[in-house]
>>> print(open('protein-v7.cif').read())   # mmCIF, C-alpha atoms
data_structure
loop_
_atom_site.label_atom_id
_atom_site.label_comp_id
_atom_site.auth_asym_id
_atom_site.auth_seq_id
_atom_site.Cartn_x
_atom_site.Cartn_y
_atom_site.Cartn_z
CA MET A 1 0.00 0.00 0.00
CA ALA A 2 1.23 3.45 -0.83
CA ALA A 3 2.27 5.83 1.86
CA PRO A 4 -0.24 8.52 2.62
CA SER A 5 0.76 11.72 0.87
CA ALA A 6 0.60 15.18 2.29
CA PRO A 7 -2.71 16.89 1.82
CA ARG A 8 -2.84 19.18 -1.21
CA PRO A 9 -3.25 22.86 -0.59
CA PRO A 10 -6.69 24.07 -1.58
CA ARG A 11 -6.91 25.61 -5.02
CA PRO A 12 -7.68 29.27 -5.12
CA ARG A 13 -11.24 29.63 -6.17
CA LYS A 14 -11.98 31.78 -9.14
CA GLU A 15 -14.51 34.43 -8.50
CA PRO A 16 -17.61 33.72 -10.51
CA GLN A 17 -17.95 36.10 -13.41
CA PRO A 18 -21.10 38.18 -13.35
CA LEU A 19 -23.51 37.44 -16.16
CA VAL A 20 -23.38 40.35 -18.59
CA ILE A 21 -25.80 40.55 -21.45
CA PRO A 22 -24.38 42.68 -24.24
CA ARG A 23 -26.68 45.44 -25.41
CA SER A 24 -24.89 46.15 -28.67
CA ALA A 25 -22.49 44.55 -31.11
CA ALA A 26 -19.67 46.78 -29.84
CA GLU A 27 -20.24 45.66 -26.26
CA GLU A 28 -20.30 42.01 -27.35
CA GLN A 29 -16.98 42.51 -29.16
CA ARG A 30 -15.51 44.19 -26.06
CA LEU A 31 -16.56 41.25 -23.86
CA ARG A 32 -14.98 38.76 -26.26
CA LEU A 33 -11.73 40.72 -26.29
CA GLU A 34 -11.68 40.89 -22.50
CA ARG A 35 -12.17 37.13 -22.29
CA LEU A 36 -9.32 36.56 -24.76
CA MET A 37 -6.99 38.93 -22.93
CA ARG A 38 -7.51 37.23 -19.55
CA ASN A 39 -5.06 34.55 -20.68
CA PRO A 40 -2.85 35.97 -23.47
CA GLU A 41 -0.63 32.84 -23.64
CA LYS A 42 -3.58 30.68 -24.71
CA THR A 43 -3.75 30.12 -28.46
CA VAL A 44 -6.75 31.51 -30.25
CA PRO A 45 -8.40 29.25 -32.80
CA ILE A 46 -8.80 31.08 -36.09
CA PRO A 47 -11.29 29.36 -38.37
CA GLU A 48 -10.04 28.66 -41.87
CA LYS A 49 -11.99 29.64 -44.93
CA LEU A 50 -14.57 27.02 -45.76
CA ASN A 51 -14.24 25.43 -49.17
CA GLU A 52 -17.08 26.01 -51.57
CA TRP A 53 -19.53 23.19 -51.88
CA ALA A 54 -19.07 21.13 -55.02
CA PRO A 55 -21.26 18.26 -56.16
CA ARG A 56 -19.94 14.76 -56.44
CA PRO A 57 -18.67 14.08 -59.95
CA PRO A 58 -20.77 11.75 -62.08
CA PRO A 59 -19.78 8.08 -61.88
CA GLU A 60 -17.27 6.78 -64.39
CA PHE A 61 -19.25 3.62 -64.99
CA VAL A 62 -22.96 3.25 -64.27
CA ARG A 63 -23.70 -0.28 -63.18
CA ASP A 64 -27.44 -0.18 -62.54
CA VAL A 65 -28.86 1.23 -65.73
CA MET A 66 -32.58 1.62 -65.46
CA GLY A 67 -34.66 1.39 -68.54
CA SER A 68 -38.23 2.34 -69.22
CA SER A 69 -39.26 -1.27 -69.70
CA ALA A 70 -41.90 -2.89 -67.61
CA GLY A 71 -40.95 -4.96 -64.64
CA ALA A 72 -39.15 -2.31 -62.61
CA GLY A 73 -39.93 -2.60 -58.94
CA SER A 74 -41.60 0.09 -56.92
CA GLY A 75 -38.32 0.83 -55.09
CA GLU A 76 -36.54 1.74 -58.33
CA PHE A 77 -38.43 5.00 -58.58
CA HIS A 78 -36.74 6.38 -55.46
CA VAL A 79 -33.30 5.45 -56.80
CA TYR A 80 -34.12 7.14 -60.11
CA ARG A 81 -35.46 10.22 -58.35
CA HIS A 82 -32.28 10.51 -56.25
CA LEU A 83 -30.00 10.17 -59.30
CA ARG A 84 -32.03 12.72 -61.22
CA ARG A 85 -31.95 15.19 -58.30
CA ARG A 86 -28.18 14.81 -57.99
CA GLU A 87 -27.66 15.35 -61.73
CA TYR A 88 -29.85 18.48 -61.72
CA GLN A 89 -27.88 19.77 -58.73
CA ARG A 90 -24.60 19.18 -60.59
CA GLN A 91 -25.90 20.99 -63.69
CA ASP A 92 -27.11 23.94 -61.60
CA PHE A 93 -23.69 24.13 -59.95
CA MET A 94 -21.93 24.14 -63.33
CA ASP A 95 -24.27 26.90 -64.58
CA ALA A 96 -23.59 28.99 -61.46
CA MET A 97 -19.82 28.55 -61.85
CA ALA A 98 -20.02 29.58 -65.53
CA GLU A 99 -22.02 32.68 -64.57
CA LYS A 100 -19.51 33.55 -61.85
CA GLN A 101 -16.63 33.15 -64.28
CA ARG A 102 -18.39 35.35 -66.84
CA LEU A 103 -18.96 38.07 -64.23
CA ASP A 104 -15.31 37.88 -63.17
CA GLU A 105 -14.17 38.31 -66.78
CA GLU A 106 -16.51 41.28 -67.24
CA PHE A 107 -15.14 42.85 -64.06
CA GLN A 108 -11.54 42.40 -65.23
CA LYS A 109 -12.40 43.97 -68.61
CA LYS A 110 -14.05 46.88 -66.83
CA LEU A 111 -10.96 47.36 -64.65
CA GLU A 112 -8.72 47.38 -67.74
CA ARG A 113 -11.03 49.85 -69.49
CA ASN A 114 -11.03 52.15 -66.45
CA LYS A 115 -7.25 51.91 -66.24
CA MET A 116 -6.88 52.87 -69.92
CA ILE A 117 -9.26 55.82 -69.47
CA ALA A 118 -7.31 56.97 -66.41
CA GLU A 119 -4.00 56.71 -68.30
CA GLU A 120 -5.44 58.71 -71.21
CA GLN A 121 -6.65 61.43 -68.83
CA THR A 122 -3.27 61.47 -67.10
CA ALA A 123 -1.48 61.83 -70.44
CA LYS A 124 -3.83 64.60 -71.52
CA ARG A 125 -3.27 66.51 -68.28
CA ARG A 126 0.49 65.92 -68.58
CA ARG A 127 0.48 67.50 -72.08
CA LYS A 128 -1.51 70.43 -70.76
CA ARG A 129 0.97 70.96 -67.91
CA GLN A 130 3.87 70.76 -70.35
CA LYS A 131 2.32 73.42 -72.59
CA LEU A 132 1.79 75.66 -69.59
CA LYS A 133 5.41 75.16 -68.47
CA GLU A 134 6.67 75.95 -71.95
CA LYS A 135 4.58 79.13 -72.08
CA LYS A 136 5.91 80.23 -68.68
CA LEU A 137 9.48 79.44 -69.69
CA GLN A 138 9.09 81.31 -72.98
CA ALA A 139 7.57 84.32 -71.16
CA LYS A 140 10.45 84.27 -68.70
CA LYS A 141 13.01 84.19 -71.54
CA ASN A 142 11.27 87.04 -73.33
CA LYS A 143 11.26 89.07 -70.14
CA LEU A 144 15.00 88.46 -69.59
CA GLU A 145 15.77 89.43 -73.20
CA GLN A 146 13.78 92.64 -72.83
CA LYS A 147 15.68 93.53 -69.66
CA LYS A 148 19.02 92.84 -71.38
CA GLN A 149 18.01 94.95 -74.36
CA GLU A 150 16.92 97.79 -72.08
CA LYS A 151 20.26 97.69 -70.22
CA ASP A 152 22.53 97.21 -73.24
CA PRO A 153 20.76 98.21 -76.44
CA ASN A 154 24.11 98.49 -78.31
CA GLN A 155 25.42 95.02 -77.41
CA SER A 156 23.71 92.13 -79.21
CA GLN A 157 23.16 88.84 -77.53
CA GLU A 158 25.35 85.91 -78.52
CA PRO A 159 23.34 83.37 -80.52
CA GLY A 160 25.11 80.32 -79.01
CA SER A 161 24.13 81.11 -75.42
CA SER A 162 20.38 81.14 -76.11
CA GLU A 163 20.62 77.73 -77.79
CA ASP A 164 22.44 76.33 -74.73
CA ASP A 165 19.71 77.67 -72.47
CA GLU A 166 17.05 76.02 -74.63
CA GLU A 167 18.88 72.67 -74.57
CA ASP A 168 19.23 72.82 -70.77
CA SER A 169 15.55 73.63 -70.33
CA LYS A 170 14.56 70.77 -72.68
CA GLU A 171 16.71 68.31 -70.71
CA GLU A 172 15.07 69.42 -67.46
CA GLU A 173 11.63 69.01 -69.02
CA GLU A 174 12.47 65.49 -70.22
CA GLU A 175 13.61 64.51 -66.72
CA LYS A 176 10.40 65.85 -65.23
CA GLU A 177 8.37 64.09 -67.92
CA ASP A 178 9.99 60.77 -67.00
CA ASP A 179 8.69 61.21 -63.46
CA ALA A 180 5.19 61.83 -64.76
CA GLU A 181 5.05 58.63 -66.85
CA GLU A 182 3.67 56.56 -63.98
CA PRO A 183 -0.11 56.77 -63.44
CA SER A 184 -1.25 59.06 -60.67
CA PHE A 185 -2.99 56.19 -58.90
CA VAL A 186 -2.99 52.40 -58.82
CA MET A 187 -6.12 50.42 -59.51
CA GLY A 188 -7.23 47.92 -56.88
CA ARG A 189 -6.39 44.29 -57.46
CA GLY A 190 -9.14 41.92 -57.10
#
>>> encode(input="protein-v7.cif", output="structure tokens")
Amino acid sequence: MAAPSAPRPPRPRKEPQPLVIPRSAAEEQRLRLERLMRNPEKTVPIPEKLNEWAPRPPPEFVRDVMGSSAGAGSGEFHVYRHLRRREYQRQDFMDAMAEKQRLDEEFQKKLERNKMIAEEQTAKRRRKRQKLKEKKLQAKKNKLEQKKQEKDPNQSQEPGSSEDDEEDSKEEEEEKEDDAEEPSFVMGRG
């Protein structure tokens, strides 16, 4: 016989939790979070996404072929009815999947069309901004030339320097244009 062991110390009793009936969805969520946070080390089960229901595929080989001839028993009708119901269910499922696929394709086409329209609008606005920049740059050059002519009417401007200025400004515009090639927003991916 085993030796008598020392008496166990009494377990600390947990205070009973008061029954709280949530009055709103927010309060119910708060209560769930509080219950989860009482023991943070405990793992939380996260349910996985349920797979879509799919009908059983039709049999490869049908053994009990029922004909319309006389002599079929009264129990055969129920078997026939079950097979027919299952086949109709399978056909309905295939029709629903085809419809879903068609809608998905239409949605993707619509996204592409919207993206093309957005790119066209972006390009149009980019051209408009470029024209405005060119006008401002040209006005600025004209203003500088007028000031130079007012200061030194006798001295003519060197033709090579104005060409260099134009080349520099064109290079700067090309660099800025490269930055504007990307669309101003990204379409959502579905």
>>> atom_distance(input="protein-v7.cif", atom1="atom CA of A:Met37", atom2="atom CA of A:Pro10")
26.0 Å
>>> atom_distance(input="protein-v7.cif", atom1="atom CA of A:Gln29", atom2="atom CA of A:Pro45")
16.2 Å
>>> axis_aligned_box(input="protein-v7.cif", around="stretch 53-63 of chain A", padding_each_side="5 Å", output="lines of an AutoDock Vina configuration file")
center_x = -20.5
center_y = 11.5
center_z = -58.4
size_x = 16.4
size_y = 33.5
size_z = 23.1
>>> residues_around(input="protein-v7.cif", residues="A:Phe93", least_positions_apart="4", cutoff="8 Å", atoms="only C-alpha atoms", output="list in words")
Ala54, Pro55, Gln89 and Met97 of chain A
>>> atom_distance(input="protein-v7.cif", atom1="atom CA of A:Gln108", atom2="atom CA of A:Asn51")
23.5 Å
>>> build_atoms(input="protein-v7.cif", residues="stretch 76-87 of chain A", atoms="all heavy atoms", output="compact mmCIF listing (two decimals), in the frame of the given file")
# COMPACT_ATOMS: atom_id res chain seq x y z
N GLU A 76 -37.45 1.14 -57.34
CA GLU A 76 -36.54 1.74 -58.33
C GLU A 76 -36.84 3.21 -58.55
O GLU A 76 -35.95 3.99 -58.92
CB GLU A 76 -36.64 0.99 -59.66
CG GLU A 76 -36.26 -0.46 -59.59
CD GLU A 76 -34.83 -0.65 -59.15
OE1 GLU A 76 -33.94 0.09 -59.64
OE2 GLU A 76 -34.57 -1.53 -58.32
N PHE A 77 -38.08 3.61 -58.34
CA PHE A 77 -38.43 5.00 -58.58
C PHE A 77 -37.63 5.93 -57.67
O PHE A 77 -37.16 6.97 -58.10
CB PHE A 77 -39.93 5.23 -58.37
CG PHE A 77 -40.30 6.67 -58.42
CD1 PHE A 77 -40.29 7.36 -59.62
CD2 PHE A 77 -40.61 7.37 -57.25
CE1 PHE A 77 -40.63 8.69 -59.68
CE2 PHE A 77 -40.94 8.71 -57.30
CZ PHE A 77 -40.94 9.38 -58.51
N HIS A 78 -37.45 5.53 -56.41
CA HIS A 78 -36.74 6.38 -55.46
C HIS A 78 -35.27 6.50 -55.84
O HIS A 78 -34.68 7.58 -55.72
CB HIS A 78 -36.90 5.83 -54.05
CG HIS A 78 -38.32 5.72 -53.63
ND1 HIS A 78 -39.13 6.82 -53.43
CD2 HIS A 78 -39.11 4.64 -53.40
CE1 HIS A 78 -40.34 6.43 -53.09
NE2 HIS A 78 -40.36 5.09 -53.06
N VAL A 79 -34.70 5.41 -56.34
CA VAL A 79 -33.30 5.45 -56.80
C VAL A 79 -33.19 6.40 -57.99
O VAL A 79 -32.29 7.24 -58.06
CB VAL A 79 -32.81 4.04 -57.17
CG1 VAL A 79 -31.41 4.09 -57.76
CG2 VAL A 79 -32.85 3.13 -55.96
N TYR A 80 -34.12 6.29 -58.93
CA TYR A 80 -34.12 7.14 -60.11
C TYR A 80 -34.27 8.60 -59.71
O TYR A 80 -33.56 9.48 -60.21
CB TYR A 80 -35.27 6.71 -61.04
CG TYR A 80 -35.59 7.72 -62.09
CD1 TYR A 80 -34.74 7.90 -63.19
CD2 TYR A 80 -36.72 8.53 -61.99
CE1 TYR A 80 -35.03 8.85 -64.15
CE2 TYR A 80 -37.01 9.47 -62.93
CZ TYR A 80 -36.16 9.64 -64.02
OH TYR A 80 -36.45 10.57 -64.96
N ARG A 81 -35.22 8.84 -58.80
CA ARG A 81 -35.46 10.22 -58.35
C ARG A 81 -34.21 10.81 -57.72
O ARG A 81 -33.86 11.96 -57.97
CB ARG A 81 -36.63 10.24 -57.37
CG ARG A 81 -37.03 11.63 -56.97
CD ARG A 81 -38.20 11.61 -56.04
NE ARG A 81 -37.83 10.90 -54.81
CZ ARG A 81 -38.64 10.79 -53.77
NH1 ARG A 81 -39.85 11.30 -53.82
NH2 ARG A 81 -38.25 10.15 -52.69
N HIS A 82 -33.51 10.04 -56.91
CA HIS A 82 -32.28 10.51 -56.25
C HIS A 82 -31.19 10.82 -57.28
O HIS A 82 -30.53 11.86 -57.21
CB HIS A 82 -31.80 9.44 -55.26
CG HIS A 82 -30.57 9.84 -54.51
ND1 HIS A 82 -30.56 10.86 -53.60
CD2 HIS A 82 -29.31 9.36 -54.57
CE1 HIS A 82 -29.34 10.98 -53.12
NE2 HIS A 82 -28.55 10.09 -53.69
N LEU A 83 -31.01 9.93 -58.25
CA LEU A 83 -30.00 10.17 -59.30
C LEU A 83 -30.33 11.41 -60.11
O LEU A 83 -29.45 12.22 -60.44
CB LEU A 83 -29.89 8.95 -60.22
CG LEU A 83 -29.28 7.69 -59.60
CD1 LEU A 83 -29.39 6.52 -60.57
CD2 LEU A 83 -27.84 7.94 -59.22
N ARG A 84 -31.61 11.55 -60.44
CA ARG A 84 -32.03 12.72 -61.22
C ARG A 84 -31.80 14.01 -60.44
O ARG A 84 -31.29 14.99 -60.98
CB ARG A 84 -33.52 12.58 -61.57
CG ARG A 84 -34.00 13.68 -62.50
CD ARG A 84 -35.46 13.56 -62.76
NE ARG A 84 -36.20 13.76 -61.51
CZ ARG A 84 -37.51 13.81 -61.42
NH1 ARG A 84 -38.25 13.62 -62.50
NH2 ARG A 84 -38.11 14.00 -60.26
N ARG A 85 -32.15 14.00 -59.13
CA ARG A 85 -31.95 15.19 -58.30
C ARG A 85 -30.47 15.56 -58.24
O ARG A 85 -30.08 16.73 -58.36
CB ARG A 85 -32.48 14.95 -56.89
CG ARG A 85 -32.35 16.16 -55.97
CD ARG A 85 -32.86 15.84 -54.58
NE ARG A 85 -32.23 14.68 -53.98
CZ ARG A 85 -31.04 14.70 -53.35
NH1 ARG A 85 -30.36 15.82 -53.27
NH2 ARG A 85 -30.55 13.60 -52.82
N ARG A 86 -29.61 14.55 -58.08
CA ARG A 86 -28.18 14.81 -57.99
C ARG A 86 -27.63 15.37 -59.31
O ARG A 86 -26.80 16.27 -59.33
CB ARG A 86 -27.43 13.54 -57.61
CG ARG A 86 -26.04 13.83 -57.13
CD ARG A 86 -25.35 12.68 -56.50
NE ARG A 86 -26.00 11.40 -56.72
CZ ARG A 86 -25.57 10.27 -56.23
NH1 ARG A 86 -24.48 10.24 -55.51
NH2 ARG A 86 -26.20 9.15 -56.45
N GLU A 87 -28.12 14.86 -60.42
CA GLU A 87 -27.66 15.35 -61.73
C GLU A 87 -28.12 16.79 -61.95
O GLU A 87 -27.36 17.63 -62.44
CB GLU A 87 -28.19 14.44 -62.84
CG GLU A 87 -27.79 14.86 -64.23
CD GLU A 87 -26.29 14.87 -64.46
OE1 GLU A 87 -25.53 14.23 -63.71
OE2 GLU A 87 -25.86 15.55 -65.42
